[in-house]
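So the structure is just underneath, and the comments pick up after that.
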Amino acid sequence: MTEKVRFRSVVGPELAGAIDLPDGEIRGWGIFVHGFTLGKDSPAASRVSKQLAREGIGMLRFDNLGIGDSDGDWGDGSFTVKVQDTLRAAAMMAERGTPADLLVGHSWGGAAALAAAAEMTGVRALATIGAPVEPSHVERQYDAVMDRVLSEGSHEWFVGGRTLVLKRAFVEDVRRAQLRDRIRELSLPLLVLHSPTDQTVSIDNAGEIFREARHPRSFVSLEGADHLLTARGQAQRAAHIISAWADQYIPRPRPGGKTSPTPKSSLG
């Protein structure tokens, strides 16, 4: 079962989310943060979240500003907005009576999860999948239009089968974002998952994240997986690993027994 929710972005427009509900004993609740221009229905987000729900961890996945079913303009977002909207997602989950125990971030969403975790209360464990050690890693995706954006203030950028407007403020925010200090100061158990054959974000990034982090920290190599986790069974495999690892950090069972709290929220 999936429950649709909406909550307000830190910059105003409403964001669309889906909560994959456990169909048995509730072990806990979590939030999945999707990659750069992906969304809540991308293979990594939907398949990992649904598998975690099957294993008792209900997961919220949501579309960032101007992506999928969310309102607003993607170009008005930034790395800072993505981090702040992740905190808004956590506040919505707490408001509905299902506070998040687990935070999972994929790709650029993994970087945002690392940044948000330091400001998030109640989260007990954090897992990243194919995450870069610096948010600026994403610049290589829009390098071809960078000069036009900086000189003109904005420029259209064709990516993933659609046209987005990349703005100077977005680029400058990404360049200012620093993640290493956040990783060093992280006080949560951290699981780093990464494919050694990832062609989008090299596995060197996982090594740097792991080295910067404090214990308890764990690393698992996702052999055979592509960056987007589209290969058959790879997203489910990642979810199995996260579920087993998180078990020692998430108390069970959570309040709610075998059913999910019913109230919906629209955080304003």
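In the structure tokens, each chain is lettered A, B, ... as it comes, each chain's residues begin at 1, and ligands are numbered from 1 in order of appearance.
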Output as JSON lines one row per residue of region 52-164 of chain A within 10 Å of region 6-19 of chain A: the closest atom pair and its distance in Å to one decimal place, counting only C-alpha atoms, sorted by chain and residue number ascending.
{"residue": "A:Ala53", "atom": "CA", "partner": "A:Ile19", "partner_atom": "CA", "distance": 9.1}
{"residue": "A:Gly58", "atom": "CA", "partner": "A:Ile19", "partner_atom": "CA", "distance": 6.8}
{"residue": "A:Met59", "atom": "CA", "partner": "A:Ile19", "partner_atom": "CA", "distance": 5.4}
{"residue": "A:Leu60", "atom": "CA", "partner": "A:Ile19", "partner_atom": "CA", "distance": 4.2}
{"residue": "A:Arg61", "atom": "CA", "partner": "A:Ala18", "partner_atom": "CA", "distance": 5.5}
{"residue": "A:Phe62", "atom": "CA", "partner": "A:Gly17", "partner_atom": "CA", "distance": 3.9}
{"residue": "A:Asp63", "atom": "CA", "partner": "A:Ala16", "partner_atom": "CA", "distance": 5.7}
{"residue": "A:Asn64", "atom": "CA", "partner": "A:Leu15", "partner_atom": "CA", "distance": 6.5}
{"residue": "A:Leu65", "atom": "CA", "partner": "A:Leu15", "partner_atom": "CA", "distance": 6.5}
{"residue": "A:Gly66", "atom": "CA", "partner": "A:Leu15", "partner_atom": "CA", "distance": 8.4}
{"residue": "A:Ile67", "atom": "CA", "partner": "A:Leu15", "partner_atom": "CA", "distance": 8.8}
{"residue": "A:Gly68", "atom": "CA", "partner": "A:Ala16", "partner_atom": "CA", "distance": 8.0}
{"residue": "A:Asp69", "atom": "CA", "partner": "A:Ala16", "partner_atom": "CA", "distance": 5.6}
{"residue": "A:Ser70", "atom": "CA", "partner": "A:Leu15", "partner_atom": "CA", "distance": 4.4}
{"residue": "A:Asp71", "atom": "CA", "partner": "A:Pro13", "partner_atom": "CA", "distance": 5.4}
{"residue": "A:Gly72", "atom": "CA", "partner": "A:Pro13", "partner_atom": "CA", "distance": 5.3}
{"residue": "A:Asp73", "atom": "CA", "partner": "A:Pro13", "partner_atom": "CA", "distance": 8.7}
{"residue": "A:Asp76", "atom": "CA", "partner": "A:Val11", "partner_atom": "CA", "distance": 8.2}
{"residue": "A:Gly77", "atom": "CA", "partner": "A:Val11", "partner_atom": "CA", "distance": 8.1}
{"residue": "A:Thr80", "atom": "CA", "partner": "A:Val10", "partner_atom": "CA", "distance": 9.9}
{"residue": "A:Val81", "atom": "CA", "partner": "A:Val10", "partner_atom": "CA", "distance": 6.8}
{"residue": "A:Lys82", "atom": "CA", "partner": "A:Val10", "partner_atom": "CA", "distance": 9.0}
{"residue": "A:Val83", "atom": "CA", "partner": "A:Val10", "partner_atom": "CA", "distance": 9.7}
{"residue": "A:Gln84", "atom": "CA", "partner": "A:Val10", "partner_atom": "CA", "distance": 6.5}
{"residue": "A:Asp85", "atom": "CA", "partner": "A:Ser9", "partner_atom": "CA", "distance": 5.6}
{"residue": "A:Thr86", "atom": "CA", "partner": "A:Ser9", "partner_atom": "CA", "distance": 9.1}
{"residue": "A:Leu87", "atom": "CA", "partner": "A:Val10", "partner_atom": "CA", "distance": 9.2}
{"residue": "A:Arg88", "atom": "CA", "partner": "A:Ser9", "partner_atom": "CA", "distance": 7.0}
{"residue": "A:Ala89", "atom": "CA", "partner": "A:Phe7", "partner_atom": "CA", "distance": 7.4}
{"residue": "A:Ala91", "atom": "CA", "partner": "A:Phe7", "partner_atom": "CA", "distance": 9.6}
{"residue": "A:Met92", "atom": "CA", "partner": "A:Phe7", "partner_atom": "CA", "distance": 7.0}
{"residue": "A:Met93", "atom": "CA", "partner": "A:Ile19", "partner_atom": "CA", "distance": 9.5}
Could you take the residues named above and write them with N, CA and C atoms, as a tab-separated table (two decimals), in the first residue's frame?
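Produced file selection-v1.tsv, reproduced below:
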chain	number	residue	atom	x	y	z
A	53	ALA	N	9.74	-1.32	2.77
A	53	ALA	CA	8.39	-1.42	3.34
A	53	ALA	C	7.98	-2.88	3.52
A	58	GLY	N	8.51	1.54	6.82
A	58	GLY	CA	7.72	2.39	5.94
A	58	GLY	C	8.57	3.56	5.44
A	59	MET	N	8.49	3.86	4.15
A	59	MET	CA	9.39	4.85	3.54
A	59	MET	C	8.62	5.94	2.82
A	60	LEU	N	8.99	7.19	3.12
A	60	LEU	CA	8.53	8.34	2.35
A	60	LEU	C	9.55	8.61	1.24
A	61	ARG	N	9.07	8.74	0.01
A	61	ARG	CA	9.89	9.22	-1.11
A	61	ARG	C	9.12	10.39	-1.71
A	62	PHE	N	9.82	11.43	-2.07
A	62	PHE	CA	9.11	12.61	-2.55
A	62	PHE	C	9.86	13.26	-3.71
A	63	ASP	N	9.08	13.93	-4.57
A	63	ASP	CA	9.65	14.65	-5.71
A	63	ASP	C	10.14	16.01	-5.26
A	64	ASN	N	11.36	16.34	-5.64
A	64	ASN	CA	11.87	17.68	-5.34
A	64	ASN	C	11.18	18.73	-6.21
A	65	LEU	N	11.45	19.96	-5.93
A	65	LEU	CA	10.84	21.11	-6.58
A	65	LEU	C	10.85	20.97	-8.11
A	66	GLY	N	9.65	21.07	-8.72
A	66	GLY	CA	9.56	21.05	-10.17
A	66	GLY	C	9.82	19.71	-10.83
A	67	ILE	N	9.87	18.64	-10.02
A	67	ILE	CA	10.13	17.29	-10.53
A	67	ILE	C	8.87	16.45	-10.34
A	68	GLY	N	8.56	15.58	-11.30
A	68	GLY	CA	7.45	14.66	-11.14
A	68	GLY	C	6.13	15.35	-10.85
A	69	ASP	N	5.52	15.00	-9.72
A	69	ASP	CA	4.21	15.54	-9.35
A	69	ASP	C	4.29	16.77	-8.46
A	70	SER	N	5.50	17.25	-8.19
A	70	SER	CA	5.66	18.41	-7.32
A	70	SER	C	5.47	19.72	-8.09
A	71	ASP	N	4.99	20.73	-7.39
A	71	ASP	CA	4.81	22.05	-7.98
A	71	ASP	C	6.13	22.80	-8.03
A	72	GLY	N	6.10	23.98	-8.64
A	72	GLY	CA	7.27	24.85	-8.64
A	72	GLY	C	8.18	24.66	-9.84
A	73	ASP	N	9.24	25.42	-9.85
A	73	ASP	CA	10.22	25.45	-10.93
A	73	ASP	C	11.52	24.82	-10.43
A	76	ASP	N	14.43	26.97	-9.45
A	76	ASP	CA	14.41	27.75	-8.21
A	76	ASP	C	14.96	26.96	-7.03
A	77	GLY	N	15.29	25.71	-7.28
A	77	GLY	CA	15.88	24.89	-6.23
A	77	GLY	C	17.39	25.10	-6.16
A	80	THR	N	21.05	23.65	-1.30
A	80	THR	CA	20.55	24.10	0.00
A	80	THR	C	19.05	23.85	0.12
A	81	VAL	N	18.30	24.13	-0.95
A	81	VAL	CA	16.86	23.89	-0.93
A	81	VAL	C	16.57	22.40	-0.78
A	82	LYS	N	17.33	21.57	-1.48
A	82	LYS	CA	17.12	20.12	-1.39
A	82	LYS	C	17.34	19.63	0.05
A	83	VAL	N	18.37	20.15	0.70
A	83	VAL	CA	18.64	19.77	2.09
A	83	VAL	C	17.50	20.24	2.99
A	84	GLN	N	17.09	21.50	2.82
A	84	GLN	CA	16.03	22.05	3.66
A	84	GLN	C	14.69	21.34	3.42
A	85	ASP	N	14.42	20.95	2.19
A	85	ASP	CA	13.18	20.22	1.92
A	85	ASP	C	13.22	18.81	2.50
A	86	THR	N	14.40	18.24	2.61
A	86	THR	CA	14.53	16.95	3.30
A	86	THR	C	14.17	17.11	4.77
A	87	LEU	N	14.57	18.22	5.36
A	87	LEU	CA	14.19	18.50	6.75
A	87	LEU	C	12.69	18.72	6.85
A	88	ARG	N	12.08	19.38	5.85
A	88	ARG	CA	10.63	19.56	5.84
A	88	ARG	C	9.92	18.21	5.74
A	89	ALA	N	10.49	17.30	4.96
A	89	ALA	CA	9.92	15.96	4.85
A	89	ALA	C	9.94	15.26	6.20
A	91	ALA	N	9.92	16.71	9.11
A	91	ALA	CA	8.94	17.36	9.97
A	91	ALA	C	7.53	16.85	9.66
A	92	MET	N	7.23	16.65	8.39
A	92	MET	CA	5.93	16.11	8.00
A	92	MET	C	5.72	14.71	8.56
A	93	MET	N	6.76	13.88	8.47
A	93	MET	CA	6.65	12.52	8.99
A	93	MET	C	6.42	12.53	10.50
Practice item. Run DSSP on the backbone of this structure and report the residues of region 6-207 of chain A it assigns to helix (DSSP H, G or I), as an MDAnalysis selection string. Key: chainID A and resid 43:54 74:76 79:95 108:117 135:141 143:152 168:176 180:185 204:207
Proximity check region 22-106 of chain A to region 228-239 of chain A, 6 Å, nearest pairs one decimal Å, only C-alpha atoms, as a tab-separated table:
residue	atom	partner	partner_atom	distance
A:Ala44	CA	A:Leu229	CA	5.5
A:Arg47	CA	A:Ala235	CA	5.8
A:Val48	CA	A:Ala239	CA	5.1
A:Gln51	CA	A:Gln236	CA	5.9
A:Leu52	CA	A:Ala239	CA	5.8
Could you list, with a cut-off of 6 Å and counting only C-alpha atoms, the residues of region 167-195 of chain A near region 210-219 of chain A, each shown with its nearest atom pair and the distance in Å rounded to one decimal, rows sorted by chain and ascending number, as a tab-separated table?
residue	atom	partner	partner_atom	distance
A:Ile183	CA	A:Ala213	CA	5.4
A:Arg184	CA	A:Ala213	CA	5.1
A:Pro189	CA	A:Pro216	CA	5.0
A:Leu190	CA	A:Arg217	CA	4.7
A:Leu191	CA	A:Ser218	CA	4.8
A:Val192	CA	A:Phe219	CA	4.7
A:Leu193	CA	A:Phe219	CA	5.9
For the selection just defined, write its residues with N, CA, C and O atoms to a file, as a CSV table (one decimal), in the first residue's frame.
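So part.csv came out as:
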chain,number,residue,atom,x,y,z
A,183,ILE,N,30.3,15.5,7.1
A,183,ILE,CA,30.5,14.1,7.3
A,183,ILE,C,31.4,13.8,8.5
A,183,ILE,O,31.1,12.9,9.3
A,184,ARG,N,32.4,14.6,8.8
A,184,ARG,CA,33.2,14.5,10.0
A,184,ARG,C,32.5,14.6,11.3
A,184,ARG,O,32.8,14.0,12.3
A,189,PRO,N,25.2,6.3,12.9
A,189,PRO,CA,25.7,5.2,12.2
A,189,PRO,C,25.5,5.4,10.7
A,189,PRO,O,24.5,5.8,10.2
A,190,LEU,N,26.6,5.1,9.9
A,190,LEU,CA,26.6,5.4,8.5
A,190,LEU,C,26.9,4.1,7.7
A,190,LEU,O,27.9,3.4,8.0
A,191,LEU,N,26.1,3.9,6.7
A,191,LEU,CA,26.3,2.8,5.7
A,191,LEU,C,26.5,3.4,4.4
A,191,LEU,O,25.7,4.1,3.9
A,192,VAL,N,27.7,3.1,3.8
A,192,VAL,CA,28.0,3.6,2.4
A,192,VAL,C,27.9,2.4,1.4
A,192,VAL,O,28.6,1.4,1.6
A,193,LEU,N,27.0,2.5,0.5
A,193,LEU,CA,26.9,1.5,-0.6
A,193,LEU,C,27.3,2.1,-1.9
A,193,LEU,O,26.9,3.2,-2.2
**Study point:** Atomic distance CA of Trp108 (chain A) - CA of Ile57 (chain A), expressed in Å with one decimal
**Key:** 22.6 Å
Practice item. With a distance cut-off of 12 Å and only C-alpha atoms, select the neighbouring residues of Val201 (chain A), excluding the residue or stretch itself and same-chain residues fewer than 3 positions from it, and output the selection as a VMD selection string. Key: chain A and resid 35 106 to 108 110 to 111 129 to 141 193 to 198 204 to 207 226 to 228
Selected residues, N, CA, C and O atoms, written as a CSV table (one decimal), in the first residue's frame, please.
chain,number,residue,atom,x,y,z
A,35,GLY,N,18.0,11.2,-6.5
A,35,GLY,CA,19.1,11.8,-7.1
A,35,GLY,C,18.8,13.2,-7.8
A,35,GLY,O,17.6,13.6,-7.8
A,106,HIS,N,20.2,8.6,-2.4
A,106,HIS,CA,20.8,8.0,-3.6
A,106,HIS,C,21.5,9.1,-4.5
A,106,HIS,O,20.9,10.2,-4.7
A,107,SER,N,22.7,8.9,-4.9
A,107,SER,CA,23.4,9.8,-5.8
A,107,SER,C,23.5,11.2,-5.1
A,107,SER,O,23.9,11.3,-4.0
A,108,TRP,N,23.1,12.2,-5.8
A,108,TRP,CA,23.2,13.6,-5.3
A,108,TRP,C,22.3,13.7,-4.0
A,108,TRP,O,22.5,14.5,-3.1
A,110,GLY,N,22.2,11.4,-1.9
A,110,GLY,CA,23.0,10.9,-0.8
A,110,GLY,C,23.8,12.0,-0.2
A,110,GLY,O,24.0,12.1,1.1
A,111,ALA,N,24.3,12.9,-1.0
A,111,ALA,CA,25.0,14.1,-0.5
A,111,ALA,C,24.1,15.0,0.3
A,111,ALA,O,24.4,15.5,1.4
A,129,ILE,N,23.7,5.7,-1.2
A,129,ILE,CA,23.9,4.8,-2.3
A,129,ILE,C,24.5,5.6,-3.5
A,129,ILE,O,23.8,6.5,-4.0
A,130,GLY,N,25.7,5.3,-3.9
A,130,GLY,CA,26.3,5.9,-5.1
A,130,GLY,C,26.4,7.4,-4.9
A,130,GLY,O,26.2,8.2,-5.9
A,131,ALA,N,26.7,7.9,-3.7
A,131,ALA,CA,26.8,9.3,-3.4
A,131,ALA,C,28.1,9.9,-3.7
A,131,ALA,O,29.2,9.3,-3.5
A,132,PRO,N,28.1,11.2,-4.2
A,132,PRO,CA,29.4,11.9,-4.3
A,132,PRO,C,29.8,12.5,-3.0
A,132,PRO,O,29.0,12.8,-2.1
A,133,VAL,N,31.2,12.7,-2.8
A,133,VAL,CA,31.7,13.3,-1.6
A,133,VAL,C,31.5,14.8,-1.5
A,133,VAL,O,31.5,15.4,-0.5
A,134,GLU,N,31.3,15.4,-2.7
A,134,GLU,CA,31.1,16.8,-2.8
A,134,GLU,C,29.9,17.1,-3.7
A,134,GLU,O,29.8,16.5,-4.8
A,135,PRO,N,29.0,18.0,-3.3
A,135,PRO,CA,27.8,18.3,-4.2
A,135,PRO,C,28.2,18.9,-5.5
A,135,PRO,O,27.5,18.6,-6.5
A,136,SER,N,29.4,19.5,-5.6
A,136,SER,CA,29.8,20.1,-6.9
A,136,SER,C,30.2,19.0,-8.0
A,136,SER,O,30.4,19.3,-9.1
A,137,HIS,N,30.2,17.8,-7.6
A,137,HIS,CA,30.4,16.7,-8.5
A,137,HIS,C,29.4,16.7,-9.6
A,137,HIS,O,29.7,16.3,-10.8
A,138,VAL,N,28.2,17.2,-9.3
A,138,VAL,CA,27.1,17.3,-10.3
A,138,VAL,C,27.4,18.3,-11.4
A,138,VAL,O,26.7,18.2,-12.5
A,139,GLU,N,28.3,19.1,-11.3
A,139,GLU,CA,28.6,20.1,-12.3
A,139,GLU,C,28.9,19.5,-13.7
A,139,GLU,O,28.7,20.1,-14.7
A,140,ARG,N,29.5,18.3,-13.6
A,140,ARG,CA,29.9,17.7,-14.9
A,140,ARG,C,28.7,17.4,-15.8
A,140,ARG,O,28.8,17.2,-17.0
A,141,GLN,N,27.5,17.3,-15.1
A,141,GLN,CA,26.3,17.0,-15.9
A,141,GLN,C,25.8,18.2,-16.7
A,141,GLN,O,25.2,18.0,-17.8
A,193,LEU,N,27.0,2.5,0.5
A,193,LEU,CA,26.9,1.5,-0.6
A,193,LEU,C,27.3,2.1,-1.9
A,193,LEU,O,26.9,3.2,-2.2
A,194,HIS,N,28.1,1.4,-2.7
A,194,HIS,CA,28.5,1.9,-4.0
A,194,HIS,C,29.0,0.8,-4.9
A,194,HIS,O,29.6,-0.2,-4.4
A,195,SER,N,28.7,0.9,-6.2
A,195,SER,CA,29.1,0.0,-7.1
A,195,SER,C,30.6,0.3,-7.6
A,195,SER,O,30.9,1.4,-7.9
A,196,PRO,N,31.4,-0.7,-7.7
A,196,PRO,CA,32.8,-0.5,-8.1
A,196,PRO,C,32.8,-0.2,-9.6
A,196,PRO,O,33.9,0.3,-10.1
A,197,THR,N,31.7,-0.4,-10.4
A,197,THR,CA,31.7,-0.1,-11.8
A,197,THR,C,30.8,1.0,-12.1
A,197,THR,O,30.3,1.2,-13.2
A,198,ASP,N,30.5,1.9,-11.1
A,198,ASP,CA,29.6,3.0,-11.3
A,198,ASP,C,30.3,4.0,-12.2
A,198,ASP,O,31.4,4.5,-11.9
A,204,ASP,N,35.6,6.0,-5.9
A,204,ASP,CA,36.5,6.8,-5.1
A,204,ASP,C,35.8,7.7,-4.1
A,204,ASP,O,36.2,8.0,-3.0
A,205,ASN,N,34.6,8.1,-4.5
A,205,ASN,CA,33.8,9.0,-3.7
A,205,ASN,C,33.4,8.2,-2.4
A,205,ASN,O,33.4,8.8,-1.3
A,206,ALA,N,33.0,7.0,-2.6
A,206,ALA,CA,32.6,6.2,-1.4
A,206,ALA,C,33.8,6.0,-0.4
A,206,ALA,O,33.6,6.1,0.8
A,207,GLY,N,35.0,5.8,-1.0
A,207,GLY,CA,36.1,5.7,-0.1
A,207,GLY,C,36.4,7.0,0.7
A,207,GLY,O,36.7,6.9,1.9
A,226,ASP,N,24.5,-0.8,-11.6
A,226,ASP,CA,24.8,0.5,-12.3
A,226,ASP,C,24.4,1.6,-11.4
A,226,ASP,O,23.7,1.4,-10.3
A,227,HIS,N,24.7,2.8,-11.8
A,227,HIS,CA,24.5,3.9,-10.9
A,227,HIS,C,23.0,4.1,-10.5
A,227,HIS,O,22.7,4.4,-9.4
A,228,LEU,N,22.1,3.9,-11.5
A,228,LEU,CA,20.7,4.1,-11.3
A,228,LEU,C,20.0,2.9,-10.7
A,228,LEU,O,18.8,3.0,-10.4
Point to revise | Nearest residue to Gly122 (chain A) from the set A:Thr98, A:Ser78, A:Gln178, A:Thr200 (distances using only C-alpha atoms) | key: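 Among the listed residues, the smallest separation from Gly122 (chain A) belongs to A:Thr98.
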Point to revise | Computed interatomic separation between CA of Asp247 (chain A) and CA of Pro22 (chain A) (Å) | key: 15.1 Å
Exercise for review: Identify all residues of region 38-250 of chain A in strand (DSSP E) (DSSP on the backbone) and supply them as a PyMOL selection string.
Suggested key: chain A and resi 57-62+102-106+125-129+154-159+162-167+190-194+217-221
